[in-house]
>>> print(open('query.cif').read())   # mmCIF, C-alpha atoms and all ligand atoms
data_final
#
loop_
_atom_site.group_PDB
_atom_site.id
_atom_site.type_symbol
_atom_site.label_atom_id
_atom_site.label_comp_id
_atom_site.auth_asym_id
_atom_site.auth_seq_id
_atom_site.Cartn_x
_atom_site.Cartn_y
_atom_site.Cartn_z
ATOM 1 C CA MET A 1 -16.568 -39.007 35.578
ATOM 2 C CA THR A 2 -18.912 -39.805 32.717
ATOM 3 C CA THR A 3 -19.781 -43.412 31.964
ATOM 4 C CA ARG A 4 -21.007 -44.599 28.572
ATOM 5 C CA ILE A 5 -23.787 -47.130 28.804
ATOM 6 C CA GLU A 6 -24.803 -50.073 26.616
ATOM 7 C CA THR A 7 -28.533 -50.295 27.307
ATOM 8 C CA GLU A 8 -31.339 -47.855 27.925
ATOM 9 C CA ASN A 9 -33.809 -47.661 30.794
ATOM 10 C CA THR A 10 -37.216 -49.025 29.823
ATOM 11 C CA VAL A 11 -40.480 -47.448 30.923
ATOM 12 C CA LEU A 12 -43.690 -48.866 29.444
ATOM 13 C CA HIS A 13 -46.292 -46.620 31.082
ATOM 14 C CA SER A 14 -45.158 -43.105 31.888
ATOM 15 C CA ARG A 15 -46.554 -41.015 34.653
ATOM 16 C CA GLN A 16 -48.392 -37.880 33.536
ATOM 17 C CA VAL A 17 -48.400 -34.263 34.648
ATOM 18 C CA GLU A 18 -50.820 -33.692 37.512
ATOM 19 C CA GLN A 19 -50.142 -30.008 38.092
ATOM 20 C CA ILE A 20 -47.756 -27.286 36.894
ATOM 21 C CA LEU A 21 -46.522 -24.649 39.335
ATOM 22 C CA THR A 22 -44.195 -21.686 38.991
ATOM 23 C CA GLY A 23 -43.580 -21.013 42.686
ATOM 24 C CA ILE A 24 -43.473 -17.757 44.607
ATOM 25 C CA ALA A 25 -40.747 -15.124 44.402
ATOM 26 C CA THR A 26 -39.515 -14.436 47.926
ATOM 27 C CA SER A 27 -36.345 -13.983 49.916
ATOM 28 C CA ASP A 28 -34.817 -15.868 52.814
ATOM 29 C CA GLY A 29 -31.743 -15.809 55.005
ATOM 30 C CA ALA A 30 -30.418 -12.241 55.184
ATOM 31 C CA GLY A 31 -32.151 -11.271 51.927
ATOM 32 C CA VAL A 32 -31.293 -13.834 49.255
ATOM 33 C CA LYS A 33 -33.797 -13.645 46.400
ATOM 34 C CA LEU A 34 -35.206 -17.010 45.431
ATOM 35 C CA THR A 35 -38.240 -18.827 44.073
ATOM 36 C CA ARG A 36 -39.996 -21.106 46.545
ATOM 37 C CA LEU A 37 -41.449 -23.979 44.536
ATOM 38 C CA LEU A 38 -42.517 -26.329 47.300
ATOM 39 C CA ASP A 39 -43.833 -25.309 50.681
ATOM 40 C CA HIS A 40 -46.457 -26.224 53.307
ATOM 41 C CA GLU A 41 -49.404 -26.849 50.928
ATOM 42 C CA LEU A 42 -47.474 -29.463 48.957
ATOM 43 C CA GLN A 43 -45.767 -31.289 51.835
ATOM 44 C CA ALA A 44 -48.407 -34.008 52.098
ATOM 45 C CA ARG A 45 -48.685 -34.425 48.314
ATOM 46 C CA LEU A 46 -44.916 -34.567 47.796
ATOM 47 C CA ASP A 47 -44.007 -36.420 51.018
ATOM 48 C CA PRO A 48 -41.067 -36.861 51.916
ATOM 49 C CA PHE A 49 -40.092 -33.491 50.377
ATOM 50 C CA LEU A 50 -40.710 -30.415 52.518
ATOM 51 C CA MET A 51 -39.340 -27.501 50.566
ATOM 52 C CA LEU A 52 -37.650 -26.645 47.276
ATOM 53 C CA ASP A 53 -36.029 -23.293 46.569
ATOM 54 C CA ALA A 54 -34.486 -22.309 43.236
ATOM 55 C CA PHE A 55 -32.103 -19.372 43.155
ATOM 56 C CA ASN A 56 -30.661 -17.720 40.063
ATOM 57 C CA ASN A 57 -29.205 -14.284 40.742
ATOM 58 C CA ASP A 58 -26.565 -12.410 38.796
ATOM 59 C CA LYS A 59 -26.786 -9.235 40.898
ATOM 60 C CA ALA A 60 -24.612 -9.421 44.009
ATOM 61 C CA GLU A 61 -27.118 -7.445 46.114
ATOM 62 C CA ASP A 62 -29.626 -10.267 45.576
ATOM 63 C CA TYR A 63 -27.430 -12.878 47.300
ATOM 64 C CA ILE A 64 -24.383 -11.322 48.987
ATOM 65 C CA ALA A 65 -25.874 -11.294 52.523
ATOM 66 C CA GLY A 66 -26.285 -15.085 52.340
ATOM 67 C CA PHE A 67 -27.738 -17.253 55.085
ATOM 68 C CA PRO A 68 -25.961 -16.363 58.352
ATOM 69 C CA ASN A 69 -26.141 -18.705 61.370
ATOM 70 C CA HIS A 70 -29.537 -20.408 61.722
ATOM 71 C CA PRO A 71 -30.742 -23.701 63.235
ATOM 72 C CA HIS A 72 -32.393 -26.819 61.758
ATOM 73 C CA ARG A 73 -33.896 -29.904 63.386
ATOM 74 C CA GLY A 74 -35.713 -32.988 62.121
ATOM 75 C CA PHE A 75 -34.852 -33.229 58.414
ATOM 76 C CA GLU A 76 -32.098 -33.155 55.787
ATOM 77 C CA THR A 77 -31.076 -30.560 53.227
ATOM 78 C CA LEU A 78 -29.563 -31.007 49.789
ATOM 79 C CA THR A 79 -27.957 -27.956 48.210
ATOM 80 C CA TYR A 80 -27.014 -28.290 44.536
ATOM 81 C CA LEU A 81 -25.016 -25.419 43.127
ATOM 82 C CA LEU A 82 -25.287 -24.860 39.377
ATOM 83 C CA ALA A 83 -23.087 -21.772 39.366
ATOM 84 C CA GLY A 84 -21.092 -19.900 41.976
ATOM 85 C CA ARG A 85 -19.330 -20.624 45.274
ATOM 86 C CA MET A 86 -20.879 -21.017 48.728
ATOM 87 C CA ARG A 87 -19.185 -21.625 52.067
ATOM 88 C CA HIS A 88 -20.842 -23.820 54.669
ATOM 89 C CA SER A 89 -19.864 -24.038 58.300
ATOM 90 C CA ASP A 90 -21.730 -25.457 61.281
ATOM 91 C CA ASN A 91 -21.484 -25.895 65.033
ATOM 92 C CA ALA A 92 -20.729 -29.621 64.645
ATOM 93 C CA GLY A 93 -17.360 -28.591 63.198
ATOM 94 C CA HIS A 94 -18.061 -29.128 59.497
ATOM 95 C CA HIS A 95 -16.713 -26.685 56.929
ATOM 96 C CA GLY A 96 -16.821 -26.845 53.166
ATOM 97 C CA VAL A 97 -16.857 -24.753 50.028
ATOM 98 C CA LEU A 98 -19.437 -25.700 47.477
ATOM 99 C CA GLU A 99 -18.560 -24.904 43.873
ATOM 100 C CA SER A 100 -20.425 -25.040 40.558
ATOM 101 C CA GLY A 101 -21.821 -28.512 39.961
ATOM 102 C CA GLY A 102 -21.188 -29.660 43.526
ATOM 103 C CA ILE A 103 -23.605 -30.687 46.250
ATOM 104 C CA GLN A 104 -23.853 -30.490 49.983
ATOM 105 C CA TRP A 105 -25.970 -32.956 51.951
ATOM 106 C CA MET A 106 -26.682 -32.084 55.548
ATOM 107 C CA CYS A 107 -28.625 -34.209 57.992
ATOM 108 C CA ALA A 108 -29.767 -31.810 60.708
ATOM 109 C CA GLY A 109 -31.016 -34.631 62.941
ATOM 110 C CA GLN A 110 -31.432 -33.483 66.542
ATOM 111 C CA GLY A 111 -30.087 -30.055 65.749
ATOM 112 C CA ILE A 112 -27.461 -28.074 63.931
ATOM 113 C CA ILE A 113 -26.654 -24.375 63.597
ATOM 114 C CA HIS A 114 -25.036 -23.467 60.312
ATOM 115 C CA SER A 115 -24.306 -20.679 57.883
ATOM 116 C CA GLU A 116 -24.357 -20.768 54.096
ATOM 117 C CA MET A 117 -22.554 -17.749 52.682
ATOM 118 C CA PRO A 118 -21.635 -16.780 49.106
ATOM 119 C CA GLU A 119 -17.885 -17.032 48.515
ATOM 120 C CA GLN A 120 -18.023 -14.529 45.646
ATOM 121 C CA ARG A 121 -18.562 -10.793 45.290
ATOM 122 C CA ASP A 122 -20.119 -10.759 41.837
ATOM 123 C CA GLY A 123 -21.240 -13.029 39.016
ATOM 124 C CA LEU A 124 -23.964 -15.644 38.881
ATOM 125 C CA LEU A 125 -25.131 -17.651 41.877
ATOM 126 C CA ALA A 126 -27.606 -20.364 40.865
ATOM 127 C CA GLY A 127 -28.842 -23.642 42.273
ATOM 128 C CA PHE A 128 -31.363 -25.430 44.423
ATOM 129 C CA GLN A 129 -32.024 -26.312 48.019
ATOM 130 C CA LEU A 130 -34.306 -29.269 48.711
ATOM 131 C CA TRP A 131 -35.489 -30.281 52.184
ATOM 132 C CA ILE A 132 -36.093 -33.997 52.731
ATOM 133 C CA ASN A 133 -37.964 -35.185 55.787
ATOM 134 C CA LEU A 134 -36.527 -37.685 58.273
ATOM 135 C CA PRO A 135 -38.655 -40.527 59.661
ATOM 136 C CA ALA A 136 -39.728 -40.052 63.305
ATOM 137 C CA GLU A 137 -37.203 -42.629 64.484
ATOM 138 C CA HIS A 138 -34.306 -40.682 62.885
ATOM 139 C CA LYS A 139 -35.256 -37.095 63.717
ATOM 140 C CA MET A 140 -33.132 -37.032 66.868
ATOM 141 C CA GLN A 141 -30.061 -38.772 65.442
ATOM 142 C CA ALA A 142 -26.670 -37.047 65.463
ATOM 143 C CA PRO A 143 -26.236 -34.482 62.673
ATOM 144 C CA TRP A 144 -23.874 -35.145 59.786
ATOM 145 C CA TYR A 145 -22.675 -33.348 56.702
ATOM 146 C CA ARG A 146 -21.056 -34.273 53.431
ATOM 147 C CA ASP A 147 -20.022 -32.310 50.379
ATOM 148 C CA VAL A 148 -19.452 -33.855 46.986
ATOM 149 C CA GLN A 149 -17.592 -31.867 44.362
ATOM 150 C CA ASN A 150 -18.644 -31.601 40.740
ATOM 151 C CA ASN A 151 -16.127 -34.147 39.396
ATOM 152 C CA GLU A 152 -17.151 -36.763 42.012
ATOM 153 C CA ILE A 153 -20.804 -36.886 40.991
ATOM 154 C CA PRO A 154 -21.535 -40.057 38.990
ATOM 155 C CA GLU A 155 -22.931 -39.352 35.545
ATOM 156 C CA TYR A 156 -23.643 -41.128 32.296
ATOM 157 C CA VAL A 157 -24.744 -40.327 28.777
ATOM 158 C CA SER A 158 -27.858 -42.206 27.689
ATOM 159 C CA LEU A 159 -27.983 -43.851 24.273
ATOM 160 C CA GLN A 160 -30.164 -40.987 23.060
ATOM 161 C CA GLY A 161 -27.606 -38.481 24.276
ATOM 162 C CA ALA A 162 -29.016 -37.158 27.544
ATOM 163 C CA LEU A 163 -26.393 -36.394 30.191
ATOM 164 C CA VAL A 164 -27.607 -37.826 33.502
ATOM 165 C CA ARG A 165 -26.011 -36.599 36.733
ATOM 166 C CA ILE A 166 -26.979 -38.859 39.643
ATOM 167 C CA ILE A 167 -26.967 -36.689 42.753
ATOM 168 C CA ALA A 168 -28.971 -39.149 44.863
ATOM 169 C CA GLY A 169 -30.504 -42.569 44.307
ATOM 170 C CA HIS A 170 -29.874 -44.810 41.301
ATOM 171 C CA SER A 171 -30.277 -44.553 37.558
ATOM 172 C CA GLN A 172 -29.437 -47.142 34.917
ATOM 173 C CA GLY A 173 -27.991 -49.370 37.634
ATOM 174 C CA MET A 174 -25.529 -46.690 38.726
ATOM 175 C CA ALA A 175 -25.437 -45.413 42.298
ATOM 176 C CA GLY A 176 -25.543 -41.663 42.800
ATOM 177 C CA ALA A 177 -23.455 -39.577 45.173
ATOM 178 C CA ILE A 178 -25.863 -40.016 48.126
ATOM 179 C CA GLN A 179 -28.114 -42.891 49.208
ATOM 180 C CA ARG A 180 -30.681 -42.602 51.990
ATOM 181 C CA PRO A 181 -32.361 -45.825 53.090
ATOM 182 C CA VAL A 182 -35.822 -44.761 54.305
ATOM 183 C CA THR A 183 -36.924 -41.958 51.980
ATOM 184 C CA GLN A 184 -34.873 -43.349 49.045
ATOM 185 C CA PRO A 185 -34.554 -39.948 47.387
ATOM 186 C CA LEU A 186 -33.797 -39.822 43.674
ATOM 187 C CA PHE A 187 -32.323 -36.530 42.469
ATOM 188 C CA LEU A 188 -31.193 -36.422 38.841
ATOM 189 C CA ASP A 189 -29.915 -33.436 36.897
ATOM 190 C CA LEU A 190 -30.705 -34.064 33.224
ATOM 191 C CA HIS A 191 -29.139 -32.224 30.301
ATOM 192 C CA PHE A 192 -31.013 -32.863 27.048
ATOM 193 C CA ALA A 193 -29.736 -32.296 23.552
ATOM 194 C CA ASP A 194 -32.206 -31.560 20.720
ATOM 195 C CA SER A 195 -34.926 -34.198 20.262
ATOM 196 C CA THR A 196 -33.986 -36.474 23.127
ATOM 197 C CA ALA A 197 -36.160 -38.652 25.323
ATOM 198 C CA PHE A 198 -35.158 -39.953 28.721
ATOM 199 C CA SER A 199 -36.815 -42.746 30.691
ATOM 200 C CA GLN A 200 -36.456 -43.326 34.408
ATOM 201 C CA PRO A 201 -38.194 -46.216 36.193
ATOM 202 C CA LEU A 202 -39.829 -45.132 39.464
ATOM 203 C CA PRO A 203 -41.511 -47.198 42.193
ATOM 204 C CA ALA A 204 -45.256 -46.610 41.745
ATOM 205 C CA GLU A 205 -45.822 -45.327 45.286
ATOM 206 C CA HIS A 206 -42.984 -42.775 45.234
ATOM 207 C CA ASN A 207 -43.941 -39.118 44.864
ATOM 208 C CA ALA A 208 -42.154 -37.364 42.024
ATOM 209 C CA PHE A 209 -41.782 -34.033 40.261
ATOM 210 C CA ILE A 210 -39.600 -32.329 37.714
ATOM 211 C CA TYR A 211 -38.409 -28.740 37.502
ATOM 212 C CA VAL A 212 -37.309 -27.256 34.181
ATOM 213 C CA TYR A 213 -34.523 -24.746 34.709
ATOM 214 C CA SER A 214 -33.759 -24.143 31.057
ATOM 215 C CA GLY A 215 -35.429 -24.952 27.752
ATOM 216 C CA GLU A 216 -38.704 -26.864 27.621
ATOM 217 C CA VAL A 217 -39.712 -30.509 27.941
ATOM 218 C CA SER A 218 -42.871 -32.577 27.779
ATOM 219 C CA VAL A 219 -44.229 -35.519 29.751
ATOM 220 C CA ALA A 220 -47.055 -37.611 28.264
ATOM 221 C CA GLY A 221 -47.809 -34.859 25.737
ATOM 222 C CA GLN A 222 -47.957 -32.036 28.282
ATOM 223 C CA ASP A 223 -45.459 -29.211 27.728
ATOM 224 C CA ILE A 224 -43.539 -27.871 30.717
ATOM 225 C CA ALA A 225 -41.884 -24.498 30.174
ATOM 226 C CA ALA A 226 -38.686 -23.142 31.713
ATOM 227 C CA ASN A 227 -38.906 -22.180 35.393
ATOM 228 C CA SER A 228 -41.884 -24.505 35.917
ATOM 229 C CA MET A 229 -42.329 -27.441 38.224
ATOM 230 C CA ALA A 230 -44.538 -30.363 37.205
ATOM 231 C CA ILE A 231 -45.929 -32.699 39.840
ATOM 232 C CA LEU A 232 -46.169 -36.178 38.326
ATOM 233 C CA THR A 233 -49.174 -38.444 38.812
ATOM 234 C CA THR A 234 -48.945 -41.472 41.083
ATOM 235 C CA ALA A 235 -50.723 -44.506 39.646
ATOM 236 C CA ALA A 236 -50.161 -48.221 40.218
ATOM 237 C CA ALA A 237 -49.960 -48.942 36.468
ATOM 238 C CA ASP A 238 -47.119 -46.472 35.826
ATOM 239 C CA ASP A 239 -43.582 -47.841 35.982
ATOM 240 C CA GLY A 240 -41.696 -44.570 35.634
ATOM 241 C CA VAL A 241 -41.529 -41.363 33.685
ATOM 242 C CA ILE A 242 -40.570 -40.555 30.106
ATOM 243 C CA VAL A 243 -39.388 -36.991 29.541
ATOM 244 C CA GLN A 244 -39.147 -35.657 25.984
ATOM 245 C CA ALA A 245 -37.101 -32.606 24.998
ATOM 246 C CA GLY A 246 -37.462 -30.961 21.583
ATOM 247 C CA ARG A 247 -34.468 -28.742 22.093
ATOM 248 C CA SER A 248 -31.528 -28.296 24.417
ATOM 249 C CA SER A 249 -33.030 -28.291 27.938
ATOM 250 C CA ARG A 250 -32.105 -28.898 31.550
ATOM 251 C CA ILE A 251 -34.278 -30.266 34.333
ATOM 252 C CA ILE A 252 -34.092 -31.890 37.721
ATOM 253 C CA LEU A 253 -36.114 -35.055 38.348
ATOM 254 C CA VAL A 254 -36.867 -35.723 42.010
ATOM 255 C CA ALA A 255 -38.678 -38.691 43.590
ATOM 256 C CA GLY A 256 -38.872 -40.329 47.004
ATOM 257 C CA ALA A 257 -40.727 -42.753 49.252
ATOM 258 C CA PRO A 258 -43.455 -41.101 51.332
ATOM 259 C CA LEU A 259 -43.189 -41.403 55.122
ATOM 260 C CA HIS A 260 -46.956 -41.066 55.838
ATOM 261 C CA GLU A 261 -46.229 -39.418 59.188
ATOM 262 C CA PRO A 262 -47.669 -36.186 60.629
ATOM 263 C CA ILE A 263 -45.648 -33.108 59.589
ATOM 264 C CA VAL A 264 -45.486 -30.174 61.995
ATOM 265 C CA GLN A 265 -43.222 -27.374 60.814
ATOM 266 C CA HIS A 266 -42.151 -24.250 62.639
ATOM 267 C CA GLY A 267 -39.673 -22.427 60.399
ATOM 268 C CA PRO A 268 -36.428 -24.460 60.386
ATOM 269 C CA PHE A 269 -37.807 -27.210 62.686
ATOM 270 C CA VAL A 270 -39.851 -30.073 61.223
ATOM 271 C CA MET A 271 -41.177 -32.627 63.694
ATOM 272 C CA ASN A 272 -44.227 -34.899 64.119
ATOM 273 C CA THR A 273 -46.056 -33.099 66.962
ATOM 274 C CA ARG A 274 -46.526 -29.583 68.359
ATOM 275 C CA GLN A 275 -44.983 -30.810 71.604
ATOM 276 C CA GLU A 276 -41.770 -31.740 69.767
ATOM 277 C CA ILE A 277 -41.721 -28.299 68.103
ATOM 278 C CA ALA A 278 -42.051 -26.609 71.511
ATOM 279 C CA GLN A 279 -39.155 -28.779 72.698
ATOM 280 C CA ALA A 280 -37.047 -27.802 69.661
ATOM 281 C CA ILE A 281 -37.653 -24.090 70.319
ATOM 282 C CA GLU A 282 -36.741 -24.562 73.982
ATOM 283 C CA ASP A 283 -33.628 -26.642 73.198
ATOM 284 C CA PHE A 284 -32.404 -24.055 70.706
ATOM 285 C CA LYS A 285 -33.061 -21.181 73.131
ATOM 286 C CA VAL A 286 -31.055 -22.746 75.938
ATOM 287 C CA GLY A 287 -28.181 -23.792 73.660
ATOM 288 C CA ARG A 288 -28.753 -27.561 73.407
ATOM 289 C CA PHE A 289 -28.167 -27.657 69.628
HETATM 290 CO CO CO A 301 -29.893 -23.863 56.434
#
>>> encode(input="query.cif", output="structure tokens", more="lines below")
Ligand code: CO
Amino acid sequence: MTTRIETENTVLHSRQVEQILTGIATSDGAGVKLTRLLDHELQARLDPFLMLDAFNNDKAEDYIAGFPNHPHRGFETLTYLLAGRMRHSDNAGHHGVLESGGIQWMCAGQGIIHSEMPEQRDGLLAGFQLWINLPAEHKMQAPWYRDVQNNEIPEYVSLQGALVRIIAGHSQGMAGAIQRPVTQPLFLDLHFADSTAFSQPLPAEHNAFIYVYSGEVSVAGQDIAANSMAILTTAAADDGVIVQAGRSSRIILVAGAPLHEPIVQHGPFVMNTRQEIAQAIEDFKVGRF
């Protein structure tokens, strides 16, 4: 459902580009080709975000084996499908099929075992998976899962003509599909027409980045090409970000409140101490997930 709006977000001092990254081509699951844009080295800088993968494969052999059963503990995952069909099922009894434009939000909490498998034999499979940390006090909560289909994601068209899909958080006073109280993640999918600017207010202390998945945009005069991620500066004087597109372009804008807690990751387990990781490995081994 697309809402038309009467006013435009105002940002007086935009954040700037601190660093541009293009990620590392790798594969995960049972051999799904993807680009890992955010990993260990950036976890402190982009707290509360732990990982971002972008996948964009039109050859079945690059995705067909999917992500068979695997565990998670201590964080949440957002999967946003731009194209294709994926089936999710987990040992907490959740099942869902994710289709183009839809999202899946999964809170692994104390532990979940799930599979994410392509529900297609050919054609394009494209999208993102973002991992969002949980605060220490929520890491051992019960797991939950929610999928939101394409037509249920709130969206609006800005006065300048940018289509804004609000996956998580708020924009222009509108609530997105998912709200999380502690990390307050903002996840916007922005579709720019030619010569369009878009402004999004951001709390000064929140860490933020954009990823351009088609076209090209600029922030504070710095160009960001397709398939590039730009980490945005964090400064007390900045009240948000202004993104300018000269031509038709698509990006995601992601921001969140840092947790400032120790991060200890062992594969699909993200806890605060080595002791808790050892416990996670033990719990998984003996079937306590
Ligand atoms: Co998973």
>>> resolve_selection(input="query.cif", expression="the PyMOL selection byres (((not hetatm)) within 12 of (chain A and resi 301))", output="PyMOL selection string")
chain A and resi 28-30+51+53+66-73+75-79+87-90+104-108+111-117+129-131+145+267-269
>>> closest_residue(input="query.cif", among="A:Met271, A:Leu134, A:Leu163, A:Ala237", to="Ala193 of chain A", atoms="all atoms listed in the file")
A:Leu163
>>> residues_around(input="query.cif", residues="Asn133 of chain A", least_positions_apart="2", cutoff="8 Å", atoms="all atoms listed in the file", output="PyMOL selection string")
chain A and resi 47-50+74-76+131+135+183+270
>>> resolve_selection(input="query.cif", expression="the PyMOL selection byres (((chain A and resi 233) around 12) and not hetatm)", output="PyMOL selection string")
chain A and resi 13-20+45-46+202+204-210+219-220+230-232+234-241+255
>>> atom_distance(input="query.cif", atom1="atom CA of Ser195 of chain A", atom2="atom CA of Leu82 of chain A")
23.4 Å
>>> resolve_selection(input="query.cif", expression="the PyMOL selection byres (((chain A and resi 22) around 6) and not hetatm)", output="PDB file with C-alpha atoms, in the frame of the given file")
ATOM      1  CA  LEU A  21     -46.522 -24.649  39.335  1.00  0.00           C
ATOM      2  CA  GLY A  23     -43.580 -21.013  42.686  1.00  0.00           C
ATOM      3  CA  SER A 228     -41.884 -24.505  35.917  1.00  0.00           C
TER       4      SER A 228
END
>>> atom_distance(input="query.cif", atom1="atom CA of Gly31 of chain A", atom2="atom CA of Gln265 of chain A")
21.5 Å
>>> closest_residue(input="query.cif", among="A:Arg180, A:His138, A:Arg250, A:Lys285", to="Tyr211 of chain A", atoms="only C-alpha atoms")
A:Arg250
>>> residues_around(input="query.cif", residues="Asp62 of chain A", least_positions_apart="6", cutoff="12 Å", atoms="all atoms listed in the file", output="ChimeraX atom specification")
/A:26-34,55-56,118,121-126
>>> closest_residue(input="query.cif", among="A:Val243, A:Ala54, A:Ala142, A:Ile277", to="Val11 of chain A", atoms="all atoms listed in the file")
A:Val243
>>> atom_distance(input="query.cif", atom1="atom CA of Pro203 of chain A", atom2="atom CA of Gln184 of chain A")
10.3 Å
